[in-house]
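Enquirer: I'd like to ask some things about the structure below.
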Amino acid sequence: MSEQILESMKESLMKGKADEVKRLCNEAVASKLSVEQILNEGLISAMNIIGKKFKNNEVYVPEVLIAARAMNAGMAILKPLLKEADVKAKGTICVGTVKGDLHDIGKNLVCMMLEGAGYEVIDLGVNVDPDKFVNAAKEKSPDIIAMSALLTTTMGSMKSTIDALKAAGLSTKTMVGGAPLTDNFAKEIGADGYAPDAASAVDMANTLVA
Ligand code: B1M
């Protein structure tokens with residue numbers, strides 16, 4: 001019975017049926033399934049499948065966005081219960097689009113995937129200057145500072161941010177991504193990780209926090 005609820009939840013999430021996911025989350029809670037199980041075996045495992053499909057070009061941005069919306073609908077039910085059960089996030093990640101850059105669709109997808117994978121995500125928004133990343137690293141003590149850039153002209157701001165973190169004496173791990181970036185560029189600027197897409201960002205975050 002409980003397995004059936006989780007299976008239906010996964011299917012509904014992957015189809016982006018937000019109301020159905022919400023209903024099944026409530027049903028799962030009423031059936032005394034643990035919040036952790038609902039989160040891991042229902043919501044996160046479905047989002048992982050979507051991530052893999054997105055990586056393989058089997059689904060595209062709109063499908064990911066509606067799946068993420070369904071995930072959020074389920075999370076709204078689980079969040080208060082997670083707090084009560086004291087279920088720990090896998091880690092905390094501050095994410096932002098770097099200074100001078102206003103593109104946020106990819107960054108938002110990265111946030112959704114990371115949340116879907118069980119991370120606490122602090123979204124710093126767009127046009128985030130190095131000082132704001134440094135302050136976030138000081139105030140929130142995240143495991144990772146994650147930066148997105150879509151313009152060749154703003155890629156340099158990633159290096160400025162990494163340099164500013166070092167100058168502030170912080171050793172917070174950094175991860176970068178965005179269409180014009182390459183793994184080589186990430187290495188050159190001293191980033192700890194690079195991910196070409198939102199699903200790979202989860203893999204990279206898992207590697208960095210391991
Ligand atoms: Co802009 N724009 N844009 N734009 N825009 C591009 C990026 C561009 C390639 C278009 C082009 O000329 N062909 C070009 C950049 C050229 C370059 O420098 N290489 C460009 C330009 C030039 C500009 C302006 C300068 C145009 C102008 O005003 N003259 C201007 C700059 C504004 C600014 O930022 N200061 C500008 C403005 C805009 C809009 C505001 C109109 C709008 C942004 C709306 C918004 O984001 N809210 C916009 C859009 C929509 C685009 C295109 C069409 C689409 C970008 C997008 O959202 N893609 C884009 C052309 C294109 O890509 N076809 C273009 C979908 C998204 C899911 O993909 O963001 O790549 P993407 O994210 C991916 C990966 O990159 C990766 O994962 C995501 C999902 O797989 N990823 C990460 C991203 N961040 C990551 C972080 C990670 C890991 C992975 O770890 C931290």
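How things are named: the first chain in the structure tokens is A, the next is B, and so on; residues count from 1 in each chain; ligands count from 1 in the order shown.
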Name the residues, by chain letter and number, that sit within 7 Å of ligand 1 using only C-alpha atoms and all ligand atoms, and give them as a PyMOL selection string.
Expert: chain A and resi 61+95+100-107+109-110+146-153+175-180+194-199+201
Enquirer: Output N, CA and C atoms for every residue in the selection just made, as an mmCIF file, in the first residue's frame.
Expert:
data_model
loop_
_atom_site.group_PDB
_atom_site.id
_atom_site.type_symbol
_atom_site.label_atom_id
_atom_site.label_comp_id
_atom_site.auth_asym_id
_atom_site.auth_seq_id
_atom_site.Cartn_x
_atom_site.Cartn_y
_atom_site.Cartn_z
ATOM 1 N N VAL A 61 13.527 21.755 -20.863
ATOM 2 C CA VAL A 61 13.327 22.735 -19.789
ATOM 3 C C VAL A 61 11.875 22.797 -19.279
ATOM 4 N N VAL A 95 23.579 29.946 -4.090
ATOM 5 C CA VAL A 95 23.646 29.992 -5.549
ATOM 6 C C VAL A 95 23.335 31.399 -6.042
ATOM 7 N N GLY A 100 26.791 41.582 -13.080
ATOM 8 C CA GLY A 100 26.649 42.034 -14.465
ATOM 9 C C GLY A 100 25.750 41.141 -15.295
ATOM 10 N N ASP A 101 25.339 40.028 -14.728
ATOM 11 C CA ASP A 101 24.581 39.020 -15.489
ATOM 12 C C ASP A 101 23.175 38.858 -14.911
ATOM 13 N N LEU A 102 22.163 38.982 -15.797
ATOM 14 C CA LEU A 102 20.774 38.927 -15.322
ATOM 15 C C LEU A 102 20.063 37.627 -15.708
ATOM 16 N N HIS A 103 20.778 36.724 -16.376
ATOM 17 C CA HIS A 103 20.143 35.464 -16.808
ATOM 18 C C HIS A 103 19.899 34.569 -15.588
ATOM 19 N N ASP A 104 18.646 34.137 -15.427
ATOM 20 C CA ASP A 104 18.408 33.317 -14.228
ATOM 21 C C ASP A 104 17.632 32.023 -14.475
ATOM 22 N N ILE A 105 17.317 31.729 -15.725
ATOM 23 C CA ILE A 105 16.520 30.517 -15.975
ATOM 24 C C ILE A 105 17.346 29.266 -15.637
ATOM 25 N N GLY A 106 18.580 29.238 -16.130
ATOM 26 C CA GLY A 106 19.461 28.094 -15.842
ATOM 27 C C GLY A 106 19.785 28.004 -14.365
ATOM 28 N N LYS A 107 20.068 29.167 -13.767
ATOM 29 C CA LYS A 107 20.383 29.193 -12.328
ATOM 30 C C LYS A 107 19.208 28.654 -11.516
ATOM 31 N N LEU A 109 16.953 26.564 -12.513
ATOM 32 C CA LEU A 109 16.879 25.107 -12.704
ATOM 33 C C LEU A 109 17.881 24.399 -11.801
ATOM 34 N N VAL A 110 19.080 24.971 -11.720
ATOM 35 C CA VAL A 110 20.118 24.394 -10.859
ATOM 36 C C VAL A 110 19.607 24.379 -9.406
ATOM 37 N N ALA A 146 27.890 28.489 -5.291
ATOM 38 C CA ALA A 146 27.687 28.070 -6.679
ATOM 39 C C ALA A 146 27.353 29.280 -7.544
ATOM 40 N N MET A 147 28.118 29.434 -8.638
ATOM 41 C CA MET A 147 27.941 30.622 -9.486
ATOM 42 C C MET A 147 27.540 30.248 -10.909
ATOM 43 N N SER A 148 26.626 31.056 -11.454
ATOM 44 C CA SER A 148 26.182 30.857 -12.827
ATOM 45 C C SER A 148 26.528 32.090 -13.657
ATOM 46 N N ALA A 149 26.951 31.883 -14.917
ATOM 47 C CA ALA A 149 27.180 33.002 -15.844
ATOM 48 C C ALA A 149 26.765 32.573 -17.242
ATOM 49 N N LEU A 150 26.086 33.462 -17.944
ATOM 50 C CA LEU A 150 25.636 33.162 -19.305
ATOM 51 C C LEU A 150 26.333 34.025 -20.345
ATOM 52 N N LEU A 151 27.077 35.025 -19.880
ATOM 53 C CA LEU A 151 27.732 35.942 -20.810
ATOM 54 C C LEU A 151 29.253 35.757 -20.719
ATOM 55 N N THR A 152 29.896 35.776 -21.859
ATOM 56 C CA THR A 152 31.369 35.684 -21.825
ATOM 57 C C THR A 152 31.935 36.869 -21.028
ATOM 58 N N THR A 153 31.241 38.001 -21.105
ATOM 59 C CA THR A 153 31.728 39.204 -20.410
ATOM 60 C C THR A 153 31.601 39.129 -18.885
ATOM 61 N N MET A 175 31.672 26.206 -7.002
ATOM 62 C CA MET A 175 31.244 25.427 -8.178
ATOM 63 C C MET A 175 30.722 26.428 -9.207
ATOM 64 N N VAL A 176 31.059 26.225 -10.479
ATOM 65 C CA VAL A 176 30.614 27.164 -11.508
ATOM 66 C C VAL A 176 29.927 26.433 -12.656
ATOM 67 N N GLY A 177 29.092 27.174 -13.378
ATOM 68 C CA GLY A 177 28.426 26.605 -14.542
ATOM 69 C C GLY A 177 27.765 27.692 -15.365
ATOM 70 N N GLY A 178 27.296 27.307 -16.544
ATOM 71 C CA GLY A 178 26.671 28.269 -17.451
ATOM 72 C C GLY A 178 27.164 27.999 -18.857
ATOM 73 N N ALA A 179 26.311 28.334 -19.839
ATOM 74 C CA ALA A 179 26.584 27.937 -21.226
ATOM 75 C C ALA A 179 27.987 28.275 -21.761
ATOM 76 N N PRO A 180 28.560 29.461 -21.490
ATOM 77 C CA PRO A 180 29.857 29.737 -22.128
ATOM 78 C C PRO A 180 31.057 29.105 -21.412
ATOM 79 N N TYR A 194 32.986 22.150 -11.733
ATOM 80 C CA TYR A 194 32.263 22.697 -12.880
ATOM 81 C C TYR A 194 31.180 21.700 -13.264
ATOM 82 N N ALA A 195 30.016 22.216 -13.643
ATOM 83 C CA ALA A 195 28.957 21.327 -14.133
ATOM 84 C C ALA A 195 28.344 21.937 -15.379
ATOM 85 N N PRO A 196 28.195 21.148 -16.438
ATOM 86 C CA PRO A 196 27.648 21.685 -17.690
ATOM 87 C C PRO A 196 26.136 21.860 -17.682
ATOM 88 N N ASP A 197 25.431 21.166 -16.793
ATOM 89 C CA ASP A 197 23.970 21.299 -16.759
ATOM 90 C C ASP A 197 23.458 21.100 -15.338
ATOM 91 N N ALA A 198 22.150 21.320 -15.175
ATOM 92 C CA ALA A 198 21.581 21.317 -13.824
ATOM 93 C C ALA A 198 21.667 19.945 -13.150
ATOM 94 N N ALA A 199 21.506 18.884 -13.920
ATOM 95 C CA ALA A 199 21.571 17.550 -13.309
ATOM 96 C C ALA A 199 23.004 17.245 -12.879
ATOM 97 N N ALA A 201 25.063 19.392 -11.961
ATOM 98 C CA ALA A 201 25.368 20.242 -10.797
ATOM 99 C C ALA A 201 25.121 19.457 -9.507
#
Enquirer: Sorted by chain and rising residue number, which residues of segment 4-41 of chain A lie within 10 Å of segment 80-85 of chain A, and what are their closest atom pairs and distances in Å to one decimal, counting only C-alpha atoms, as CSV?
Expert:
residue,atom,partner,partner_atom,distance
A:Val29,CA,A:Leu81,CA,9.3
A:Ser34,CA,A:Ala85,CA,9.0
A:Val35,CA,A:Leu82,CA,6.4
A:Glu36,CA,A:Leu82,CA,7.6
A:Leu39,CA,A:Leu82,CA,9.1
Enquirer: Please save N, CA, C and O atoms of the selected residues as an mmCIF file, in the first residue's frame.
Expert:
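And here's result-v2.cif as it stands now:
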data_model
loop_
_atom_site.group_PDB
_atom_site.id
_atom_site.type_symbol
_atom_site.label_atom_id
_atom_site.label_comp_id
_atom_site.auth_asym_id
_atom_site.auth_seq_id
_atom_site.Cartn_x
_atom_site.Cartn_y
_atom_site.Cartn_z
ATOM 1 N N VAL A 29 1.646 10.790 4.542
ATOM 2 C CA VAL A 29 1.817 11.197 5.942
ATOM 3 C C VAL A 29 0.749 10.504 6.800
ATOM 4 O O VAL A 29 1.053 9.946 7.858
ATOM 5 N N SER A 34 7.423 7.545 7.036
ATOM 6 C CA SER A 34 8.282 8.578 7.624
ATOM 7 C C SER A 34 8.503 9.696 6.608
ATOM 8 O O SER A 34 8.501 9.459 5.391
ATOM 9 N N VAL A 35 8.695 10.901 7.132
ATOM 10 C CA VAL A 35 8.898 12.054 6.244
ATOM 11 C C VAL A 35 10.132 11.811 5.378
ATOM 12 O O VAL A 35 10.159 12.152 4.193
ATOM 13 N N GLU A 36 11.148 11.215 5.991
ATOM 14 C CA GLU A 36 12.396 10.951 5.277
ATOM 15 C C GLU A 36 12.140 10.022 4.083
ATOM 16 O O GLU A 36 12.655 10.243 2.993
ATOM 17 N N LEU A 39 10.254 11.828 1.363
ATOM 18 C CA LEU A 39 11.155 12.752 0.672
ATOM 19 C C LEU A 39 12.099 11.988 -0.259
ATOM 20 O O LEU A 39 12.188 12.291 -1.458
#
Enquirer: Have a look at atom CA of Val209 of chain A and atom CA of Lys138 of chain A and let me know their distance in Å, one decimal.
Expert: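 It comes out at 17.7 Å.
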Enquirer: So, with only C-alpha atoms as the atoms that count, which of A:Ile44, A:Leu170, A:Ala28, A:Ile38 lies closest to Ser141 of chain A?
Expert: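 When distances to Ser141 of chain A are compared using only C-alpha atoms, the smallest one comes from A:Leu170.
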Enquirer: Quick one: everything within 10 Å of Lys166 of chain A, counting only C-alpha atoms, minus sequence neighbours fewer than 6 positions away in the same chain. Send it as a PDB file with N, CA, C and O atoms, in the first residue's frame.
Expert:
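The resulting around.pdb:
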ATOM      1  N   VAL A 134      30.739  36.731  -0.687  1.00  0.00           N
ATOM      2  CA  VAL A 134      31.609  36.612   0.493  1.00  0.00           C
ATOM      3  C   VAL A 134      30.764  36.739   1.767  1.00  0.00           C
ATOM      4  O   VAL A 134      30.909  35.935   2.699  1.00  0.00           O
ATOM      5  N   SER A 160      36.847  36.817  -9.882  1.00  0.00           N
ATOM      6  CA  SER A 160      36.885  37.865  -8.849  1.00  0.00           C
ATOM      7  C   SER A 160      36.256  37.352  -7.552  1.00  0.00           C
ATOM      8  O   SER A 160      36.734  37.647  -6.461  1.00  0.00           O
ATOM      9  N   THR A 172      35.496  28.068   1.615  1.00  0.00           N
ATOM     10  CA  THR A 172      34.245  27.484   1.107  1.00  0.00           C
ATOM     11  C   THR A 172      34.482  26.954  -0.308  1.00  0.00           C
ATOM     12  O   THR A 172      35.094  27.633  -1.137  1.00  0.00           O
TER      13      THR A 172
END
Enquirer: Can you tell me, as an NGL selection string, what residues are no more than 12 Å from Asp143 of chain A when counting only C-alpha atoms, ignoring any on the same chain fewer than 6 positions away?
Expert: :A and (89-95 or 119-122 or 136-137 or 170-175 or 192 or 205-210)
Enquirer: For the residues in that selection, give me C-alpha atoms as a tab-separated table (two decimals), in the first residue's frame.
Expert:
chain	number	residue	atom	x	y	z
A	89	ALA	CA	19.69	18.62	4.59
A	90	LYS	CA	22.61	17.05	2.67
A	91	GLY	CA	24.33	20.41	2.80
A	92	THR	CA	23.79	24.10	2.22
A	93	ILE	CA	24.52	25.77	-1.10
A	94	CYS	CA	24.43	29.51	-1.87
A	95	VAL	CA	23.65	29.99	-5.55
A	119	TYR	CA	20.16	20.35	-0.35
A	120	GLU	CA	19.20	23.53	1.43
A	121	VAL	CA	19.52	26.17	-1.27
A	122	ILE	CA	19.98	29.85	-0.56
A	136	ALA	CA	26.79	34.91	2.28
A	137	ALA	CA	29.73	32.58	2.86
A	170	LEU	CA	37.38	31.56	3.50
A	171	SER	CA	37.86	28.04	2.20
A	172	THR	CA	34.24	27.48	1.11
A	173	LYS	CA	34.13	25.16	-1.92
A	174	THR	CA	33.11	26.78	-5.19
A	175	MET	CA	31.24	25.43	-8.18
A	192	ASP	CA	36.55	23.41	-7.11
A	205	ALA	CA	27.68	19.04	-5.36
A	206	ASN	CA	27.56	15.45	-4.08
A	207	THR	CA	31.24	15.05	-4.93
A	208	LEU	CA	32.19	18.35	-3.26
A	209	VAL	CA	30.33	17.67	0.01
A	210	ALA	CA	31.41	14.01	0.22
Enquirer: Which residue, A:Glu58, A:Asn26, A:Ala117, A:Leu33, has the smallest gap to Ala76 of chain A when you use only C-alpha atoms?
Expert: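 Smallest separation from Ala76 of chain A among the options: A:Asn26.
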Enquirer: Set the distance at 8 Å and use only C-alpha atoms: which residues neighbour Glu7 of chain A once local chain neighbours fewer than 4 positions away are removed? I'd like the list as a PyMOL selection string.
Expert: chain A and resi 3+11+42
Enquirer: Which parts of segment 57-153 of chain A does DSSP call helix (DSSP H, G or I) when run on the backbone here, written out as a PyMOL selection string?
Expert: chain A and resi 61-85+105-116+130-140+152-153
Enquirer: Name the residues of segment 13-175 of chain A that fall into strand (DSSP E) according to DSSP on the backbone, using the chain letters and numbers of this document, as an MDAnalysis selection string.
Expert: chainID A and resid 92:98 120:128 144:148 173:175
Enquirer: Quick one: write out the picked residues with N, CA and C atoms as a compact mmCIF listing (two decimals), in the first residue's frame?
Expert:
# COMPACT_ATOMS: atom_id res chain seq x y z
N THR A 92 24.36 22.81 2.58
CA THR A 92 23.79 24.10 2.22
C THR A 92 24.58 24.69 1.06
N ILE A 93 23.86 25.22 0.08
CA ILE A 93 24.52 25.77 -1.10
C ILE A 93 23.96 27.16 -1.39
N CYS A 94 24.86 28.16 -1.47
CA CYS A 94 24.43 29.51 -1.87
C CYS A 94 24.64 29.61 -3.38
N VAL A 95 23.58 29.95 -4.09
CA VAL A 95 23.65 29.99 -5.55
C VAL A 95 23.33 31.40 -6.04
N GLY A 96 24.09 31.88 -7.03
CA GLY A 96 23.78 33.18 -7.60
C GLY A 96 24.31 33.31 -9.02
N THR A 97 23.65 34.18 -9.80
CA THR A 97 24.20 34.56 -11.11
C THR A 97 25.14 35.74 -10.85
N VAL A 98 26.32 35.67 -11.44
CA VAL A 98 27.38 36.62 -11.07
C VAL A 98 27.10 38.07 -11.52
N GLU A 120 19.82 22.24 1.11
CA GLU A 120 19.20 23.53 1.43
C GLU A 120 19.84 24.55 0.49
N VAL A 121 19.00 25.23 -0.28
CA VAL A 121 19.52 26.17 -1.27
C VAL A 121 19.19 27.59 -0.86
N ILE A 122 20.21 28.44 -0.83
CA ILE A 122 19.98 29.85 -0.56
C ILE A 122 20.23 30.57 -1.89
N ASP A 123 19.14 31.08 -2.46
CA ASP A 123 19.23 31.72 -3.78
C ASP A 123 19.56 33.19 -3.60
N LEU A 124 20.75 33.58 -4.05
CA LEU A 124 21.18 34.98 -3.89
C LEU A 124 20.70 35.86 -5.03
N GLY A 125 20.07 35.26 -6.04
CA GLY A 125 19.50 36.04 -7.14
C GLY A 125 20.48 36.25 -8.28
N VAL A 126 20.27 37.37 -8.99
CA VAL A 126 21.12 37.67 -10.15
C VAL A 126 21.98 38.89 -9.85
N ASN A 127 22.96 39.13 -10.74
CA ASN A 127 23.82 40.32 -10.60
C ASN A 127 24.46 40.37 -9.20
N VAL A 128 24.95 39.21 -8.76
CA VAL A 128 25.48 39.10 -7.40
C VAL A 128 26.97 39.46 -7.42
N ILE A 144 28.92 25.00 -0.12
CA ILE A 144 29.36 25.37 -1.48
C ILE A 144 28.81 26.75 -1.86
N ILE A 145 29.64 27.53 -2.55
CA ILE A 145 29.18 28.74 -3.22
C ILE A 145 29.09 28.37 -4.70
N ALA A 146 27.89 28.49 -5.29
CA ALA A 146 27.69 28.07 -6.68
C ALA A 146 27.35 29.28 -7.54
N MET A 147 28.12 29.43 -8.64
CA MET A 147 27.94 30.62 -9.49
C MET A 147 27.54 30.25 -10.91
N SER A 148 26.63 31.06 -11.45
CA SER A 148 26.18 30.86 -12.83
C SER A 148 26.53 32.09 -13.66
N LYS A 173 33.98 25.75 -0.58
CA LYS A 173 34.13 25.16 -1.92
C LYS A 173 33.32 25.99 -2.92
N THR A 174 33.82 26.04 -4.15
CA THR A 174 33.11 26.78 -5.19
C THR A 174 32.80 25.89 -6.39
N MET A 175 31.67 26.21 -7.00
CA MET A 175 31.24 25.43 -8.18
C MET A 175 30.72 26.43 -9.21
Enquirer: Restricting the calculation to only C-alpha atoms: of A:Ile162, A:Met47, A:Met113, A:Val64, which residue gets closest to Asp129 of chain A?
Expert: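 Going through A:Ile162, A:Met47, A:Met113, A:Val64 one by one, the smallest distance to Asp129 of chain A is for A:Ile162.
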Enquirer: With only C-alpha atoms as the atoms that count, which of A:Leu114, A:Cys25, A:Leu13, A:Ile49 lies nearest to Leu78 of chain A?
Expert: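 Distance minimum relative to Leu78 of chain A lands on A:Cys25.
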Enquirer: Measuring atom to atom with only C-alpha atoms, identify which of A:Met155, A:Val59, A:Ala167, A:Ala67 is nearest to Met9 of chain A.
Expert: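 Answer, going by the shortest atom-to-atom distance: A:Ala67.
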Enquirer: What is the distance between atom CA of Lys99 of chain A and atom CA of Ser157 of chain A, in Å to one decimal?
Expert: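 Spanning atom CA of Lys99 of chain A to atom CA of Ser157 of chain A is a straight-line distance of 6.2 Å.
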Enquirer: In Å, rounded to a single decimal, give me how far atom CA of Val202 of chain A is from atom CA of Lys52 of chain A.
Expert: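 Atom-to-atom, atom CA of Lys52 of chain A to atom CA of Val202 of chain A, that is 10.6 Å.
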